[in-house]
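Worksheet for the structure shown next.
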Amino acid sequence: MKIVPANSETIARAVRSLRSGELVGIPTETVYGIAARAADEAAVRSIFALKNRPPNHPLIVHVTDLQMAKGVCAEIPPVARRLVQEFWPGPLSLILPKAGAIPPVVTGGLDTVAVRAPGHRIAHALIDALGEAVCAPSANTFTHLSPTRPSHIQPEILAGLRLVLDGGPCASGIESTVLDCTFDPPRILRLGALPRARIEAFLNMPIAIAPPGAGRSPGQHPRHYAPRAEIRIVPGVDAAMPGLVFGAPENARQMSMPTEPSGYAERLYDELHRLDALGVEVVEVQAPPEAPEWEAVWDRLRRAAYKPRES
Ligand code: TXA
Ligand code: MG
């Protein structure tokens, strides 16, 4: 079996695999990732191939702490240092000028790099034991739904991994917030698990979302994070339809969702994976409140529901 419980022995195996250029599935507090040594160009290329990801869609580099981030970034401005102190380890990826040690393949040729310290003890222990940064995109094929449990990882992705460290279900359930610190004030490239309001409260200023296309962030791809099933966002879910609802489910393929956004985010991909596994073709999602604290959930729902206009 490739999926193994995470412990000191399997973490040591994962470190050896990474050192020999192989890819490893790792838990983080947001979603499961595919790790490779950030300095290993060939391994990083194999991540792009495995995910079927266009080469100009940059990866996030994962570190243990600020000290390790200094080897990844050419410069860490004061505002980024303050954010690191407050929110790391955690679901905040910062865009900063790239250091020479990071091969261009990691950043799709950009002179900036995304960096974060994951708030999951297994991810932390692995990077710490390796002693160097890893890149880790979500462990799904391009535009599909990220896995929040090892069992969600698609067979074609699993085939390219040496092993997957099983660290249980992910606590946040949606990807990290990506904040571009090469802008003053910083701006959001991808809404995510760290609420915008917490960054605003900490910096004591409003934080804008970058317009689509800015910063070349594929997290801004209109169809991203999509399950196999068609998603329809509706005011009320039909009693006979598969769906995500607030309140009591009316059939076995309806899931009752938490009424508070972080609990909802934690469950969202898990429920969509579950409905996909049941072979459901259409999922009705009861619209959550149109309130700022729901914006990251709304972002994922809209992208999951996005249908390219027929030409
Ligand atoms: O929560 C997460 O961030 C997960 C876990 C595994 O850590 N990782 C993740 O990676 O979501 P990925 O590759 O699926 O998404 C990376 C996001 C994309 O939206 C990408 O465009 C953005 O980060 N990104 C990375 N480097 C960038 C850069 N230099 N400039 C702008 N955006 C960047
Ligand atoms: Mg992804």
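Ligands are numbered from 1 in the order shown, residues from 1 within each chain, and chains are lettered A, B, ... in the order they appear in the structure tokens.
Environment of ligand 2, defined as every protein or nucleic acid residue with an atom within 10 Å of it and counting only C-alpha atoms and all ligand atoms, comprises Val31, Tyr32, Gly33, Lys51, Arg53, His57, Leu59, Ile60, Ala136, Pro137, Ser138, Ala139, Asn140, Thr141, Phe142, Thr143, His144, Leu145, Ser146, Pro147, Ile174, Glu175, Ser176, Pro218, Gly219, His224 and Tyr225 of chain A.
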Residue neighbourhood Ala99 (chain A), 8 Å, only C-alpha atoms, exclusion window fewer than 6 positions, as an MDAnalysis selection string: chainID A and resid 71:75
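Neighbouring residues of region 241-249 of chain A at 8 Å or closer, counting only C-alpha atoms and skipping chain neighbours under 3 positions away, are Gly236, Val237, Asp238, Ala252, Arg253, Gln254, Met255, Ser256, Met257, Pro258, Thr259, Glu271, Leu275, Val280, Val282, Val283, Glu284, Val285 and Gln286 of chain A.
When CA of Val105 (chain A) is paired with CA of Leu165 (chain A), their separation reads 25.2 Å.
The nearest approach to ligand 1 among the residues A:Ala193, A:Ala38, A:Glu230, A:Ala240, with only C-alpha atoms and all ligand atoms taken into account, belongs to A:Ala193.
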